[in-house]
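Written below as structure tokens is the structure these notes are about.
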Amino acid sequence: MWQQILRVRQRAIWSWDGFAHVYETEGSLKQWLVANAAFAALALALPLSAGERGMLLMGGIIVLAAECMNTAIERVIDDVGTDQRDAAKYAKDCGSAAVAVTAVAVGVAWVSVIVGLIW
């Protein structure tokens, strides 16, 4: 039982260390955090259902997760080598695209919810 608790604790520490690294090294994560704070305030202020509010808040958090994964991809590629390689460029571009696609998905959700409020 205690071993399981210690494992969960250790995993939480590692996760926090990873998030802190991304926060310290990637300006884009800070931008997404500011955007999430603004949109969370809006989601909490608007007359939304619990499901709509949850979906919008979750979407913002998923963008943060995508940014963390993108940073992980970049770190591994840079660790392998800094020379210019097509595969490295494509991998980094795909990681960036993953962040963009999740952000577009959240934007679509916001547009859907706002249109629903107006109609």
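Labels for the structure tokens follow display order: chains A, B, ..., residues from 1 in each chain, ligands from 1.
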Tell me, as a compact mmCIF listing (two decimals) with C-alpha atoms, in the first residue's frame, which residues lie within 9 Å of Thr71 (chain A), counting only C-alpha atoms; anything in the same chain fewer than 2 positions away does not count.
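Wrote it out as part-v4.txt, contents follow:
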# COMPACT_ATOMS: atom_id res chain seq x y z
CA VAL A 22 8.47 23.49 -20.21
CA GLU A 26 9.09 27.62 -23.67
CA ALA A 66 0.15 19.16 -26.50
CA GLU A 67 2.68 21.92 -25.84
CA CYS A 68 4.43 19.69 -23.29
CA MET A 69 4.56 16.82 -25.79
CA ILE A 73 9.82 15.88 -29.10
CA GLU A 74 12.07 18.90 -29.55
CA ARG A 75 14.29 17.91 -26.62
CA VAL A 76 14.81 14.36 -27.89
CA LYS A 92 9.48 19.16 -34.88
CA GLY A 95 4.82 18.41 -32.93
CA SER A 96 4.06 22.05 -33.60
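Residue nearest Ile114 (chain A) within the list A:Pro47, A:Gly27, A:Gly54, A:Gly59: A:Pro47 [criterion: smallest interatomic distance, only C-alpha atoms].
The nearest approach to Leu64 (chain A) among the residues A:Val8, A:Ala38, A:Ala98, A:Leu29, with only C-alpha atoms taken into account, belongs to A:Leu29.
Shortest separation to Val106 (chain A) among A:Ala72, A:Ala91, A:Ala45, A:Asn36 occurs at residue A:Asn36, atoms counted being only C-alpha atoms.
If you look at CA of Trp32 (chain A) and CA of Val63 (chain A), they are 7.6 Å away from each other.
Among the candidates A:Leu6, A:Ala65, A:Ala37, A:Cys94, the residue lying nearest to Phe19 (chain A) is A:Ala65 (atoms considered: only C-alpha atoms).
Proximity ranking of A:Asp17, A:Asn70, A:Thr102, A:Leu57 relative to Ala41 (chain A) places A:Leu57 first, based on only C-alpha atoms.
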*For CA of Val113 (chain A) and CA of Val34 (chain A), quote the distance in Å rounded to one decimal.*
20.8 Å
